[in-house]
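Asker: Sending over work-v8.pdb (PDB, C-alpha atoms, pLDDT in the B column).
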ATOM      1  CA  MET A  11     -68.776  21.359   5.893  1.00 58.00           C
ATOM      2  CA  SER A  12     -67.029  17.987   5.777  1.00 65.00           C
ATOM      3  CA  ASN A  13     -65.667  18.790   2.299  1.00 70.00           C
ATOM      4  CA  ILE A  14     -64.123  22.048   3.552  1.00 75.00           C
ATOM      5  CA  ARG A  15     -62.569  20.176   6.465  1.00 73.00           C
ATOM      6  CA  THR A  16     -61.155  17.537   4.125  1.00 77.00           C
ATOM      7  CA  ILE A  17     -59.681  20.191   1.825  1.00 74.00           C
ATOM      8  CA  PHE A  18     -58.177  22.034   4.803  1.00 69.00           C
ATOM      9  CA  LEU A  19     -56.579  18.855   6.194  1.00 72.00           C
ATOM     10  CA  THR A  20     -55.222  17.990   2.748  1.00 77.00           C
ATOM     11  CA  ILE A  21     -53.602  21.425   2.458  1.00 79.00           C
ATOM     12  CA  VAL A  22     -52.090  21.110   5.939  1.00 73.00           C
ATOM     13  CA  ILE A  23     -50.699  17.648   5.200  1.00 79.00           C
ATOM     14  CA  CYS A  24     -49.195  18.810   1.882  1.00 74.00           C
ATOM     15  CA  ALA A  25     -47.623  21.833   3.581  1.00 75.00           C
ATOM     16  CA  ILE A  26     -46.089  19.629   6.289  1.00 80.00           C
ATOM     17  CA  ALA A  27     -44.772  17.176   3.676  1.00 71.00           C
ATOM     18  CA  LEU A  28     -43.290  19.991   1.586  1.00 77.00           C
ATOM     19  CA  ALA A  29     -41.650  21.666   4.584  1.00 70.00           C
ATOM     20  CA  GLY A  30     -40.319  18.352   5.892  1.00 66.00           C
ATOM     21  CA  GLY A  31     -38.943  17.339   2.504  1.00 61.00           C
ATOM     22  CA  THR A  32     -37.239  20.708   2.030  1.00 62.00           C
ATOM     23  CA  ALA A  33     -35.759  20.629   5.534  1.00 57.00           C
ATOM     24  CA  SER A  34     -34.429  17.081   5.109  1.00 57.00           C
ATOM     25  CA  ALA A  35     -32.867  17.951   1.724  1.00 50.00           C
ATOM     26  CA  LEU A  36     -31.140  21.021   3.186  1.00 53.00           C
ATOM     27  CA  TYR A  37     -29.897  18.992   6.153  1.00 54.00           C
ATOM     28  CA  ALA A  38     -28.461  16.360   3.827  1.00 48.00           C
ATOM     29  CA  LEU A  39     -26.710  18.996   1.702  1.00 50.00           C
ATOM     30  CA  ASN A  40     -25.204  20.680   4.755  1.00 54.00           C
ATOM     31  CA  ASN A  41     -24.249  17.585   6.753  1.00 53.00           C
ATOM     32  CA  PHE A  42     -24.086  14.463   4.598  1.00 49.00           C
ATOM     33  CA  GLU A  43     -20.561  13.904   3.347  1.00 52.00           C
ATOM     34  CA  GLY A  44     -21.457  11.688   0.435  1.00 54.00           C
ATOM     35  CA  PHE A  45     -20.321   8.262  -0.707  1.00 54.00           C
ATOM     36  CA  ASN A  46     -17.005   6.833  -1.938  1.00 58.00           C
ATOM     37  CA  HIS A  47     -14.885   8.990   0.324  1.00 71.00           C
ATOM     38  CA  LEU A  48     -11.137   8.846   0.741  1.00 79.00           C
ATOM     39  CA  THR A  49     -10.273   9.498   4.401  1.00 86.00           C
ATOM     40  CA  ILE A  50      -6.785  10.446   5.572  1.00 88.00           C
ATOM     41  CA  GLY A  51      -6.684  11.373   9.243  1.00 89.00           C
ATOM     42  CA  GLN A  52      -9.182  14.195   9.788  1.00 92.00           C
ATOM     43  CA  TRP A  53      -9.456  14.983   6.080  1.00 94.00           C
ATOM     44  CA  GLN A  54     -11.940  13.618   3.588  1.00 90.00           C
ATOM     45  CA  ALA A  55     -11.957  13.710  -0.188  1.00 85.00           C
ATOM     46  CA  SER A  56     -14.266  12.337  -2.827  1.00 79.00           C
ATOM     47  CA  PRO A  57     -12.240  11.035  -5.786  1.00 64.00           C
ATOM     48  CA  LEU A  58     -15.401  11.021  -7.931  1.00 57.00           C
ATOM     49  CA  TYR A  59     -16.491  14.543  -6.878  1.00 56.00           C
ATOM     50  CA  GLY A  60     -15.725  16.131 -10.238  1.00 52.00           C
ATOM     51  CA  SER A  61     -16.792  13.218 -12.414  1.00 52.00           C
ATOM     52  CA  ALA A  62     -20.072  12.179 -13.967  1.00 54.00           C
ATOM     53  CA  ASP A  63     -20.081   9.259 -11.520  1.00 52.00           C
ATOM     54  CA  ALA A  64     -20.364  11.540  -8.456  1.00 52.00           C
ATOM     55  CA  ASP A  65     -23.266  10.737  -6.129  1.00 53.00           C
ATOM     56  CA  PRO A  66     -26.388  12.972  -6.259  1.00 57.00           C
ATOM     57  CA  TYR A  67     -25.484  14.749  -3.004  1.00 55.00           C
ATOM     58  CA  ALA A  68     -22.029  15.711  -4.288  1.00 55.00           C
ATOM     59  CA  ARG A  69     -23.524  17.022  -7.536  1.00 54.00           C
ATOM     60  CA  ALA A  70     -26.131  19.049  -5.623  1.00 54.00           C
ATOM     61  CA  GLN A  71     -23.521  20.467  -3.238  1.00 54.00           C
ATOM     62  CA  ARG A  72     -21.168  21.618  -6.002  1.00 53.00           C
ATOM     63  CA  SER A  73     -24.082  23.097  -7.982  1.00 54.00           C
ATOM     64  CA  ARG A  74     -25.361  25.058  -4.992  1.00 52.00           C
ATOM     65  CA  ALA A  75     -21.890  26.424  -4.226  1.00 49.00           C
ATOM     66  CA  ALA A  76     -21.205  27.094  -7.944  1.00 49.00           C
ATOM     67  CA  LEU A  77     -18.013  25.038  -7.740  1.00 53.00           C
ATOM     68  CA  LEU A  78     -15.966  24.031 -10.748  1.00 53.00           C
ATOM     69  CA  PRO A  79     -14.568  20.703  -9.503  1.00 58.00           C
ATOM     70  CA  LEU A  80     -11.270  19.192 -10.514  1.00 58.00           C
ATOM     71  CA  GLY A  81     -11.118  16.176 -12.760  1.00 56.00           C
ATOM     72  CA  ALA A  82      -9.621  12.999 -11.306  1.00 57.00           C
ATOM     73  CA  ALA A  83      -6.354  13.552 -13.186  1.00 58.00           C
ATOM     74  CA  GLU A  84      -6.067  17.208 -12.113  1.00 72.00           C
ATOM     75  CA  GLY A  85      -5.986  16.888  -8.344  1.00 80.00           C
ATOM     76  CA  GLN A  86      -7.837  16.137  -5.149  1.00 87.00           C
ATOM     77  CA  ARG A  87      -9.884  18.381  -2.875  1.00 90.00           C
ATOM     78  CA  PHE A  88      -9.747  17.533   0.848  1.00 93.00           C
ATOM     79  CA  VAL A  89     -12.164  18.870   3.459  1.00 94.00           C
ATOM     80  CA  LEU A  90     -11.594  19.079   7.222  1.00 96.00           C
ATOM     81  CA  ARG A  91     -14.465  19.872   9.612  1.00 96.00           C
ATOM     82  CA  TYR A  92     -13.163  18.588  12.960  1.00 96.00           C
ATOM     83  CA  ASP A  93     -10.033  19.077  15.047  1.00 96.00           C
ATOM     84  CA  THR A  94      -7.995  16.255  16.614  1.00 95.00           C
ATOM     85  CA  ASP A  95     -10.448  16.145  19.541  1.00 95.00           C
ATOM     86  CA  GLY A  96     -13.371  15.555  17.189  1.00 95.00           C
ATOM     87  CA  ALA A  97     -14.864  19.018  17.804  1.00 95.00           C
ATOM     88  CA  LYS A  98     -16.243  21.258  15.060  1.00 96.00           C
ATOM     89  CA  LEU A  99     -14.023  24.139  14.001  1.00 97.00           C
ATOM     90  CA  ASP A 100     -14.967  27.112  16.171  1.00 96.00           C
ATOM     91  CA  PRO A 101     -14.097  30.658  15.016  1.00 95.00           C
ATOM     92  CA  ARG A 102     -13.458  31.601  18.660  1.00 95.00           C
ATOM     93  CA  CYS A 103     -10.584  29.118  18.831  1.00 96.00           C
ATOM     94  CA  ASP A 104      -6.980  29.209  17.671  1.00 97.00           C
ATOM     95  CA  TYR A 105      -5.649  26.135  15.874  1.00 98.00           C
ATOM     96  CA  SER A 106      -2.327  24.786  14.705  1.00 98.00           C
ATOM     97  CA  LEU A 107      -2.175  22.905  11.416  1.00 97.00           C
ATOM     98  CA  GLN A 108       1.004  20.877  11.299  1.00 96.00           C
ATOM     99  CA  GLY A 109       2.449  17.891   9.485  1.00 96.00           C
ATOM    100  CA  GLN A 110       3.367  16.621   6.048  1.00 93.00           C
ATOM    101  CA  VAL A 111       1.466  17.243   2.833  1.00 92.00           C
ATOM    102  CA  PRO A 112       1.272  14.344   0.351  1.00 89.00           C
ATOM    103  CA  PRO A 113       3.403  14.745  -2.777  1.00 88.00           C
ATOM    104  CA  SER A 114       1.801  17.150  -5.235  1.00 88.00           C
ATOM    105  CA  ARG A 115       2.930  19.786  -7.684  1.00 91.00           C
ATOM    106  CA  PHE A 116       1.055  22.555  -5.866  1.00 94.00           C
ATOM    107  CA  TRP A 117      -1.479  22.915  -3.052  1.00 95.00           C
ATOM    108  CA  THR A 118      -3.840  25.582  -1.734  1.00 96.00           C
ATOM    109  CA  LEU A 119      -5.545  26.082   1.627  1.00 97.00           C
ATOM    110  CA  HIS A 120      -8.555  28.216   2.511  1.00 96.00           C
ATOM    111  CA  ALA A 121     -11.542  28.241   4.873  1.00 96.00           C
ATOM    112  CA  SER A 122     -15.195  28.134   3.879  1.00 94.00           C
ATOM    113  CA  ASP A 123     -18.550  27.887   5.582  1.00 93.00           C
ATOM    114  CA  LEU A 124     -20.241  24.487   5.712  1.00 90.00           C
ATOM    115  CA  THR A 125     -22.000  25.176   2.401  1.00 86.00           C
ATOM    116  CA  ASP A 126     -18.636  25.601   0.620  1.00 85.00           C
ATOM    117  CA  HIS A 127     -18.758  29.384   0.290  1.00 86.00           C
ATOM    118  CA  PRO A 128     -15.285  30.838   1.008  1.00 87.00           C
ATOM    119  CA  LEU A 129     -14.854  32.947   4.135  1.00 87.00           C
ATOM    120  CA  LEU A 130     -13.732  36.428   3.161  1.00 82.00           C
ATOM    121  CA  SER A 131     -11.340  38.150   5.551  1.00 78.00           C
ATOM    122  CA  LYS A 132     -10.580  41.849   5.763  1.00 77.00           C
ATOM    123  CA  GLN A 133      -8.542  43.203   2.892  1.00 78.00           C
ATOM    124  CA  GLY A 134      -4.860  42.492   3.249  1.00 82.00           C
ATOM    125  CA  LEU A 135      -5.270  39.531   5.626  1.00 91.00           C
ATOM    126  CA  PRO A 136      -4.164  36.049   4.485  1.00 92.00           C
ATOM    127  CA  GLN A 137      -7.486  34.375   3.696  1.00 93.00           C
ATOM    128  CA  ALA A 138      -5.825  31.705   1.535  1.00 94.00           C
ATOM    129  CA  LEU A 139      -2.382  30.118   1.433  1.00 96.00           C
ATOM    130  CA  HIS A 140      -0.514  28.044  -1.101  1.00 96.00           C
ATOM    131  CA  SER A 141       2.558  25.847  -1.191  1.00 95.00           C
ATOM    132  CA  GLN A 142       4.908  28.477  -2.600  1.00 95.00           C
ATOM    133  CA  MET A 143       4.185  31.235  -0.080  1.00 94.00           C
ATOM    134  CA  ILE A 144       4.788  29.611   3.310  1.00 94.00           C
ATOM    135  CA  TRP A 145       7.800  28.763   5.447  1.00 95.00           C
ATOM    136  CA  TYR A 146       8.487  25.060   5.988  1.00 95.00           C
ATOM    137  CA  ARG A 147      10.219  23.405   8.917  1.00 94.00           C
ATOM    138  CA  ASP A 148      13.554  21.601   8.543  1.00 93.00           C
ATOM    139  CA  ASP A 149      11.817  18.274   7.882  1.00 93.00           C
ATOM    140  CA  SER A 150       9.716  19.862   5.081  1.00 92.00           C
ATOM    141  CA  SER A 151       6.568  19.722   7.215  1.00 94.00           C
ATOM    142  CA  LEU A 152       4.318  22.741   7.566  1.00 95.00           C
ATOM    143  CA  LEU A 153       3.145  24.682  10.604  1.00 97.00           C
ATOM    144  CA  ILE A 154       0.235  27.071  10.040  1.00 97.00           C
ATOM    145  CA  SER A 155      -1.726  29.054  12.620  1.00 97.00           C
ATOM    146  CA  VAL A 156      -5.467  29.113  11.905  1.00 97.00           C
ATOM    147  CA  SER A 157      -7.068  31.944  13.853  1.00 96.00           C
ATOM    148  CA  SER A 158      -9.156  35.095  13.712  1.00 93.00           C
ATOM    149  CA  ASP A 159      -6.341  36.915  15.537  1.00 93.00           C
ATOM    150  CA  ALA A 160      -3.027  37.832  13.914  1.00 92.00           C
ATOM    151  CA  GLN A 161      -0.308  35.220  14.447  1.00 94.00           C
ATOM    152  CA  SER A 162       3.415  35.130  13.755  1.00 92.00           C
ATOM    153  CA  GLY A 163       4.755  32.870  11.039  1.00 94.00           C
ATOM    154  CA  ASN A 164       2.360  31.176   8.628  1.00 97.00           C
ATOM    155  CA  TRP A 165      -1.165  32.423   9.401  1.00 96.00           C
ATOM    156  CA  LEU A 166      -4.551  31.664   7.831  1.00 96.00           C
ATOM    157  CA  ALA A 167      -6.969  34.425   8.854  1.00 96.00           C
ATOM    158  CA  ILE A 168     -10.475  33.281   9.816  1.00 95.00           C
ATOM    159  CA  ASN A 169     -13.516  35.535   9.575  1.00 92.00           C
ATOM    160  CA  ALA A 170     -16.528  33.530  10.724  1.00 92.00           C
ATOM    161  CA  THR A 171     -19.298  33.503  13.316  1.00 91.00           C
ATOM    162  CA  ARG A 172     -20.287  29.851  12.924  1.00 94.00           C
ATOM    163  CA  PRO A 173     -18.481  26.514  12.555  1.00 95.00           C
ATOM    164  CA  TYR A 174     -16.448  26.362   9.369  1.00 96.00           C
ATOM    165  CA  GLN A 175     -14.264  23.963   7.406  1.00 96.00           C
ATOM    166  CA  LEU A 176     -10.811  23.952   5.853  1.00 97.00           C
ATOM    167  CA  ILE A 177     -10.267  23.068   2.210  1.00 95.00           C
ATOM    168  CA  MET A 178      -6.878  21.820   1.044  1.00 95.00           C
ATOM    169  CA  THR A 179      -6.598  21.146  -2.662  1.00 93.00           C
ATOM    170  CA  LEU A 180      -3.683  19.099  -3.989  1.00 92.00           C
ATOM    171  CA  TYR A 181      -2.926  19.618  -7.668  1.00 91.00           C
ATOM    172  CA  ASP A 182      -1.287  16.973  -9.834  1.00 86.00           C
ATOM    173  CA  THR A 183      -1.208  14.288  -7.146  1.00 81.00           C
ATOM    174  CA  ALA A 184      -1.601  10.512  -7.349  1.00 76.00           C
ATOM    175  CA  LEU A 185      -3.876  10.428  -4.265  1.00 70.00           C
ATOM    176  CA  GLY A 186      -7.218   8.909  -5.124  1.00 58.00           C
ATOM    177  CA  SER A 187      -5.894   7.314  -8.309  1.00 55.00           C
ATOM    178  CA  SER A 188      -5.184   3.662  -8.946  1.00 49.00           C
ATOM    179  CA  VAL A 189      -1.523   4.372  -8.163  1.00 50.00           C
ATOM    180  CA  GLY A 190      -1.829   6.334  -4.907  1.00 52.00           C
ATOM    181  CA  PHE A 191       0.621   6.141  -2.014  1.00 59.00           C
ATOM    182  CA  GLU A 192       1.194   3.732   0.844  1.00 67.00           C
ATOM    183  CA  ASN A 193       0.100   5.182   4.200  1.00 76.00           C
ATOM    184  CA  PRO A 194      -0.417   8.770   3.012  1.00 82.00           C
ATOM    185  CA  GLN A 195      -0.482  11.489   5.681  1.00 87.00           C
ATOM    186  CA  MET A 196      -2.190  14.861   5.902  1.00 93.00           C
ATOM    187  CA  PRO A 197      -1.486  17.682   8.376  1.00 96.00           C
ATOM    188  CA  GLU A 198      -3.328  17.527  11.726  1.00 97.00           C
ATOM    189  CA  LEU A 199      -5.378  20.400  13.125  1.00 97.00           C
ATOM    190  CA  LYS A 200      -4.931  20.826  16.884  1.00 97.00           C
ATOM    191  CA  ARG A 201      -6.902  23.243  19.026  1.00 97.00           C
ATOM    192  CA  ILE A 202      -4.608  25.572  20.969  1.00 95.00           C
ATOM    193  CA  ALA A 203      -6.920  27.927  22.894  1.00 94.00           C
ATOM    194  CA  CYS A 204     -10.461  29.297  22.777  1.00 94.00           C
ATOM    195  CA  LYS A 205     -12.023  32.615  23.698  1.00 86.00           C
ATOM    196  CA  GLY A 206     -15.318  31.965  25.469  1.00 73.00           C
ATOM    197  CA  ALA A 207     -16.164  28.922  23.372  1.00 54.00           C
ATOM    198  CA  VAL A 208     -18.658  26.563  24.937  1.00 47.00           C
ATOM    199  CA  ARG A 209     -17.659  22.907  24.625  1.00 45.00           C
TER
END
Could you write out this structure as structure tokens?
Answerer:
Amino acid sequence: MSNIRTIFLTIVICAIALAGGTASALYALNNFEGFNHLTIGQWQASPLYGSADADPYARAQRSRAALLPLGAAEGQRFVLRYDTDGAKLDPRCDYSLQGQVPPSRFWTLHASDLTDHPLLSKQGLPQALHSQMIWYRDDSSLLISVSSDAQSGNWLAINATRPYQLIMTLYDTALGSSVGFENPQMPELKRIACKGAVR
């Protein structure tokens, strides 16, 4: 009888350890932002993300999302998960992305879930933008509406039910290199209004 009890307790302990280890690994992949980050305002990038020197979490995240990362000389991928108030991006809210983009040959902007899978909008809606398709203000800064509802001007359509993130990729830029820029700036994301969002 005591042997059966010992075996049963061993199985229970192993099951708890396995479940706990799996849960902690998933939490780290979904929430841990890695090491060696470059932070500009609300945006974060990992200059080593596409290199062999990337930390284990970055390698696991890009493998799970089936990402083909850029090399250090090709560009820099920036991620934004919080607005200027420090709140997570809520699909029930309308946002305004405004400001200057660091010098680069080309840039793209899209939304994804927190596991890096792109959010797909209805056909015909602008689910991704790039530097050659938007209107700029007189000072060369950008102004983009980020919302699930149609907006005038530059609009990035959001189709999500949970918190999401914005990905801005700068191609052929010196950011993150040994050259870099002094006091680089990235556009800020400000919350404009929310529809029934609980804060």
Asker: Would you kindly translate the PyMOL selection byres ((chain A and resi 198) around 12) into the concrete residues it picks from this file, as a count of residues only?
Answerer: 31
Asker: List, as a CSV table (one decimal) with C-alpha atoms, in the coordinates of the input, every residue that the PyMOL selection byres ((chain A and resi 171) around 10) selects in the file provided.
Answerer:
chain,number,residue,atom,x,y,z
A,100,ASP,CA,-15.0,27.1,16.2
A,101,PRO,CA,-14.1,30.7,15.0
A,102,ARG,CA,-13.5,31.6,18.7
A,123,ASP,CA,-18.6,27.9,5.6
A,168,ILE,CA,-10.5,33.3,9.8
A,169,ASN,CA,-13.5,35.5,9.6
A,170,ALA,CA,-16.5,33.5,10.7
A,172,ARG,CA,-20.3,29.9,12.9
A,173,PRO,CA,-18.5,26.5,12.6
A,174,TYR,CA,-16.4,26.4,9.4
Asker: I want to know what sits within 10 Å of Phe116 (chain A), based on only C-alpha atoms, with residues of the same chain fewer than 6 positions away left out; could you give that as a PyMOL selection string?
Answerer: chain A and resi 85+140-142+179-183
Asker: Convert the output of the PyMOL selection byres ((chain A and resi 177) around 7) on the shown file into explicit residues, formatted as an NGL selection string.
Answerer: :A and (87-90 or 119-121 or 175-176 or 178-179)
Asker: Between CA of Ser56 (chain A) and CA of Ala184 (chain A), what distance in Å does the model show, to one decimal?
Answerer: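 CA of Ser56 (chain A) sits 13.6 Å away from CA of Ala184 (chain A).
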Asker: Around all of region 193-199 of chain A's listed atoms, make the axis-aligned box with 5 Å on each side and tell me centre and edge lengths in Å to one decimal, as lines of an AutoDock Vina configuration file.
Answerer:
center_x = -2.6
center_y = 12.8
center_z = 8.1
size_x = 15.5
size_y = 25.2
size_z = 20.1
Asker: What is the CA of Ile144 (chain A)-CA of Thr125 (chain A) distance in Å, reported with one decimal?
Answerer: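 CA of Thr125 (chain A) lies 27.2 Å from CA of Ile144 (chain A).
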Asker: State, in Å with one decimal place, the distance from CA of Gln161 (chain A) to CA of Asp104 (chain A).
Answerer: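 Straight-line distance from CA of Gln161 (chain A) to CA of Asp104 (chain A) works out to 9.5 Å.
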Asker: Between A:Ser131, A:Gln86, A:Thr49, A:Ser157, which is the closest to Asn193 (chain A) once you count only C-alpha atoms?
Answerer: A:Thr49
Asker: So that I can see what lies close to Gly134 (chain A), please list as a VMD selection string the residues with an atom at most 12 Å from it, counting only C-alpha atoms and leaving out residues fewer than 3 positions away in the same chain.
Answerer: chain A and resid 130 to 131 137 to 138 160 166 to 167
Asker: I need the residue nearest Gly206 (chain A) from this list: A:Ile21, A:Ala27, A:Leu48, A:Cys103. Use only C-alpha atoms for the distance.
Answerer: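 Closest residue, counting only C-alpha atoms: A:Cys103.
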